[in-house]
Amino acid sequence: MEKDQTDAREQDKRRKKAEKLKKLEEKIATPQKPTYVDTTAEGEKKIQGSLDDEGLKAYDPMVIEAAHYAWWEKMGFFRPELAADQKTKPRESFVIIEPPPNVTGLLHMGHALSGTLQDIMIRQYGGCDHAGISTQTKKTRHDLGRKKFLEVVMEWKEAYHKKISNTKRRLGLSVDWNPFIRLYEDGTIYRANRIVNWDVQLRTAVSNLEVKNLELKGRTKLSVPGYERKIDFGVMTYFQYEIDGRDERLEIATTRPETLLGDSGVAVNPNDDRYRHFIGKNARNPFIPDRLLPIVADDHVDREFGTGVVKITPAHDQNDFNIGKRHNLQFINIFNDDGALNSNAGLFQGQKRYEARYTVVAALKEKGLFVKEEDNAMVLKLSERSKDVIEPLMKPQWWMKMRELADKAVEVVQNGQVTIFPASEEKKYFRWMQDIDDWCLSRQLWWGHRVPAYYVVMKENPSAFGSDDFLWVSGRDENEARKKAEAKFPDRSFILEQDPDVFDTWFSSGLWPFSTLGWPQQTNDLANFYPTSVLMTAWDILFFWVARMIMLGVKLNGAVPFREVYCHPIIRDTEGRKMSKSLGNVIDPLDVIQGISLDALHEKLKQGNLDPKELQRATKYQKSAFPDGIPQCGTDALRFSLAAYSTGVTDVDFDIKVMFGWRKFCNKIYQAARYVIRSLKTDFVPNSILKSGKESLSEKWILHKMTNTAKAMHDALEKREFGRCTTILHQYWLHDLCDTYIEQSKYLLSSGNPSEQRSAQETLYTALYSALTLTHPLMPFLTEELWQRVPRRQGDSTQTISLAQYPFYDDNMNNPTAEASYELVLDLCRANRSLVAAYPTGDGAKLYCQVYDESDLAVAKEHLGSIRALSGKGIAIIEMLSKEQAKPMGCVAYNVSSKAVVFLHVQGHVDLDLEISKATAKLTKANEGLRKCQKLLGDTEFLGKVDQKVANSERARLADYEAEIRSMTDAISQFQGLRIG
């Protein structure tokens with residue numbers, strides 16, 4: 001009755017907690033404005049409202065991102081298309097498998113990064129993981145019982161599975177037992193009683209990859225879960241064993257005195273003369289009198305460590321396990337699964353392992369066997385999840401032989417069947433494969449894929465069959481296992497008991513690339529999409545997951561699971577810590593997309609399983625990192641930020657200010673598109689050809705920039721340089737399109753003739769269309785919204801930007817000559833603006849542009865109107881001067897390059913002494929630069945190493961420095977003349 005009431009209270013508590021979190025999330029997720037996008041009956045997207053409407057003048061990601069994804073899904077744009085003859089045979093395709101997220105929690109920024117980079121590649125090329133170990137971080141499962149525990153976890157899983165799927169949509173982004181059975185029956189998987197990393201808090205084995213090493217320099221007191229006081233580590237305890245039948249003792253040093261209760265032997269080096277006469281004798285365990293410890297000789301013993309004598313505890317140390325096997329010692333387990341000592345520990349039975357550390361030392365002192373304690377540098381193994389100290393423990397487990405699998409997995413990378421990026425991770429992959437151990441597959445959990453193995457319990461004479469390892473059969477279900485058992489043990493009476501353990505999640509996840517395509521059945525998906533193209537993952541699970549997928553793919557499917565592995569960075573918090581649910585520093589992507597207050601962030605922390613101390617620390621961190629909460633950034637800004645983070649480094653620190661800065665960039669794109677759309681007439685239909693041949697210089701320039709941006713984007717995407725993609729797009733949008741050509745188009749549209757105006761509109765349209773499609777993989781929502789609002793070229797019936805042709809390089813638009821000419825115009829404009837800003841002369845500024853080359857001067861004169869329009873306000877005169885014309889008096893000079901110089905008349909407007917000082921400083925800097933260039937160009941070794949492009953660049957810099965020196969020298973002379981005059 002009391003238990004039922006407790007269960008009811010726990011259920012009610014969980015229900016209220018879930019309802020509170022649901023209300024909080026609903027409040028956060030409510031869009032600020034209603035969606036204004038719907039779909040016609042024919043499926044064509046229809047946009048309601050004009051960008052000039054009051055509610056649409058400003059960029060609002062919550063409005064723009066509200067309905068596009070649902071429409072994409074409804075229209076089936078994400079489904080792969082196969083031609084009729086491709087449904088039963090392989091075809092060329094670009095396939096990415098989506099990593100299964102951990103269903104025991106919400107998606108975090110790492111998932112967002114991985115999903116974003118995958119989606120970028122998929123758009124350019126036109127299931128959930130169980131992770132059951134997270135469910136046992138609290139001591140509730142044994143109280144609930146397995147059945148009830150699984151019911152509760154299923155509730156959790158369903159709730160979070162729904163939230164994960166929703167987050168994937170906001171970001172714009174089967175189990176078969178055959179593998180185990182096949183690998184078990186061919187001998188790759190086997191059953192053995194060996195040392196595992198035991199987590200006494202979780203009561204399960206954990207892999208080496210889930211263990212963190214803590215380096216200690218000496219005695220260190222550490223908090224250990226389950227203990228009120230801190231425990232001493234980094235201490236070497238010296239004690240003595242008495243020799244049976246002799247009045248002698250052996251001094252031994254150990255960092256784990258509590259384990260002497262499990263000692264079954266003592267070892268010395270056979271070449272150590274100090275102890276050779278003890279070999280073959282027995283030591284006595286002082287606390288278990290009837291246990292004699294054989295003294296054996298073993299080359300493994302380090303004569304320089306401690307006293308040169310080693311206590312052997314085969315059941316609780318991997319090295320001791322190996323020595324125990326070699327010398328046929330006893331394997332004595334002294335710990336229960338919870339870390340308490342069992343009956344093999346004698347009088348110490350029932351004590352916790354680290355309580356026994358102190359009581360054993362005290363008992364040694366009472367018996368006069370204690371010698372001393374010393375500080376000792378050591379490495380302590382900690383469980384990554386529970387933070388408890390790992391206890392090496394012998395356990396019967398399922399193991400997979402790894403040597404042969406690893407060798408083949410190395411071979412496919414070495415011969416180029418799989419490439420790993422960056423190259424530094426490939427080197428780590430090879431190093432790990434060299435030292436690989438057999439893989440412990442089983443976990444003592446209640447949530448996960450249960451091992452399909454059954455123990456045959458003989459009703460009569462079970463010992464007749466030798467070891468217990470022989471009494472196992474595998475099967476997809478009990479009926480299949482029973483048939484195998486009947487064939488293996490004919491005419492025997494038995495019952496079957498399924499192993500209660502589950503698989504290590506990485507075993508199940510290792511089957512992901514082909515099991516998701518229908519394997520082991522030879523499905524159409526498997527034929528068409530395996531091997532996949534790219535695997536995207538964080539570098540830190542290269543060994544957890546990627547290596548296992550390669551090994552299992554080659555073993556079970558005869559082919560690599562993917563052609564390429566891209567290891568992306570890990571996003572850390574603002575303090576450089578890895579984001580972790582146990583630290584409470586995980587950032588939910590939805591909170592960045594939608595924005596969230598500091599109070600709401602605090603409230604979400606309370607919904608988790610954080611220890612009160614960790615909750616306090618996490619709350620403090622949130623106050624420090626997000627004093628005003630997280631501002632609304634939108635999905636597109638988040639995705640662009642994550643791509644910008646991907647520069648090949650392993651770690652990046654999360655910075656919400658950077659992400660919000662990219663939101664401002666989204667607004668820049670939005671406003672630029674508004675301008676272009678408003679500049680087009682309502683009946684504007686773009687030409688079917690992209691270039692007429694009658695474009696002005698500025699139009700030729702932007703088309704040149706556009707096609708070379710497409711080329712650069714293809715190159716960056718091909719090389720997986722996602723950070724460079726953001727730089728390329730930022731340059732094109734902000735500097736080429738917005739700051740330059742759009743400003744130039746205003747002059748053309750207002751001052752040009754009808755033909756020039758139409759050409760400017762065509763070029764604006766082409767430049768915008770290309771910019772949107774180039775940007776779409778990184779910013780899918782904003783680009784879809786704007787793309788839907790621009791007209792189509794004749795014959796273009798594409799419904800969505802998702803299916804639009806990704807821009808490619810067109811040599812017809814490449815025009816280096818136009819680029820150089822217009823760059824000169826832009827340089828003159830920039831110089832003019834800089835001079836006017838540096839030397840305010842009122843609205844009557846007089847500027848003189850002296851251009852040295854005749855052809856360049858002709859270009860400048862031809863585009864004087866553009867130069868005037870782009871040079872800013874307050875300019876009365878801009879006069880072009882040839883090289884031969886005299887320099888104007890009373891002016892300050894600005895060296896554009898070796899091709900031109902600009903003068904501003906300043907006499908009577910500036911402090912001459914101050915300007916002489918400024919010019920002198922510039923002259924000094926230019927002379928320093930000149931000397932460096934001269935030194936490099938005079939170095940034959942340097943010129944022999946670099947290519948011609950680099951050498952020419954240095955020569956151009958030299959010419960610029962020479963021009964700057966002439967210009968500053970003239971300016972100083974002029975200022976001095978003005979001062980005298």
# chains A, B, ... in the order shown; residues from 1 in each chain; ligands from 1
$ residues_around --residues "Glu366 (chain A)" --least-positions-apart "4" --cutoff "12 Å" --atoms "only C-alpha atoms" --output "PyMOL selection string"
chain A and resi 239+286-287+359-362+370-371
$ select_by_dssp --residues "region 380-612 of chain A" --states "helix (DSSP H, G or I)" --output "ChimeraX atom specification"
/A:403-414,423-434,462-465,468-470,478-488,505-510,512-515,524-529,539-557,589-594,598-606,612
$ residues_around --residues "region 305-311 of chain A" --least-positions-apart "2" --cutoff "8 Å" --atoms "only C-alpha atoms" --output "PDB file with C-alpha atoms, in the first residue's frame"
ATOM      1  CA  LEU A 250      58.341  -8.646   1.760  1.00  0.00           C
ATOM      2  CA  GLU A 251      57.683  -4.915   1.529  1.00  0.00           C
ATOM      3  CA  ILE A 252      55.099  -3.922  -1.063  1.00  0.00           C
ATOM      4  CA  ALA A 253      53.883  -0.549  -2.357  1.00  0.00           C
ATOM      5  CA  THR A 254      50.321   0.054  -3.632  1.00  0.00           C
ATOM      6  CA  LEU A 260      44.926  -6.506  -0.857  1.00  0.00           C
ATOM      7  CA  ASP A 263      45.273 -10.531  -3.618  1.00  0.00           C
ATOM      8  CA  GLY A 265      49.739 -13.733  -5.452  1.00  0.00           C
ATOM      9  CA  VAL A 266      52.923 -11.637  -5.273  1.00  0.00           C
ATOM     10  CA  ALA A 267      55.265 -11.043  -8.213  1.00  0.00           C
ATOM     11  CA  VAL A 268      58.931 -10.035  -8.550  1.00  0.00           C
ATOM     12  CA  ASN A 269      61.162  -9.611 -11.551  1.00  0.00           C
ATOM     13  CA  VAL A 301      57.386  -6.342 -12.885  1.00  0.00           C
ATOM     14  CA  ASP A 302      59.235  -3.003 -12.939  1.00  0.00           C
ATOM     15  CA  ARG A 303      62.194  -3.291 -10.535  1.00  0.00           C
ATOM     16  CA  THR A 313      44.889  -8.833  -7.644  1.00  0.00           C
TER      17      THR A 313
END
$ residues_around --residues "Glu355 (chain A)" --least-positions-apart "3" --cutoff "12 Å" --atoms "only C-alpha atoms" --output "list in words"
Val224, Gly226, Tyr227, Glu228, Arg229, Lys230, Ile231, Asp232, Arg256, Pro257, Glu258, Thr259, Gly339, Ala340, Leu341, Phe348, Gln349, Gly350, Gln351, Lys352, Tyr358, Thr359, Val360, Val361 and Ala362 of chain A
$ write_last_selection --atoms "C-alpha atoms" --output "PDB file, in the first residue's frame"
ATOM      1  CA  VAL A 224      33.453  10.699  -4.788  1.00  0.00           C
ATOM      2  CA  GLY A 226      28.239   8.240  -2.276  1.00  0.00           C
ATOM      3  CA  TYR A 227      30.789   9.551   0.254  1.00  0.00           C
ATOM      4  CA  GLU A 228      30.331  12.483   2.599  1.00  0.00           C
ATOM      5  CA  ARG A 229      34.030  13.142   3.100  1.00  0.00           C
ATOM      6  CA  LYS A 230      36.632  13.598   0.388  1.00  0.00           C
ATOM      7  CA  ILE A 231      38.827  10.585  -0.379  1.00  0.00           C
ATOM      8  CA  ASP A 232      42.637  10.574  -0.625  1.00  0.00           C
ATOM      9  CA  ARG A 256      44.943   0.791  -3.616  1.00  0.00           C
ATOM     10  CA  PRO A 257      45.464  -0.812  -0.192  1.00  0.00           C
ATOM     11  CA  GLU A 258      41.833  -1.954  -0.032  1.00  0.00           C
ATOM     12  CA  THR A 259      42.435  -4.417  -2.867  1.00  0.00           C
ATOM     13  CA  GLY A 339      31.175  -1.087  -4.788  1.00  0.00           C
ATOM     14  CA  ALA A 340      30.618  -2.586  -1.323  1.00  0.00           C
ATOM     15  CA  LEU A 341      32.937  -5.418  -0.235  1.00  0.00           C
ATOM     16  CA  PHE A 348      35.679  -6.070   5.962  1.00  0.00           C
ATOM     17  CA  GLN A 349      32.539  -7.373   4.254  1.00  0.00           C
ATOM     18  CA  GLY A 350      29.846  -4.690   3.811  1.00  0.00           C
ATOM     19  CA  GLN A 351      32.196  -1.707   3.912  1.00  0.00           C
ATOM     20  CA  LYS A 352      32.285   0.672   0.961  1.00  0.00           C
ATOM     21  CA  TYR A 358      41.190   3.630   5.541  1.00  0.00           C
ATOM     22  CA  THR A 359      40.180   0.668   7.714  1.00  0.00           C
ATOM     23  CA  VAL A 360      42.636  -1.672   5.969  1.00  0.00           C
ATOM     24  CA  VAL A 361      45.511   0.782   6.554  1.00  0.00           C
ATOM     25  CA  ALA A 362      44.463   1.130  10.207  1.00  0.00           C
TER      26      ALA A 362
END
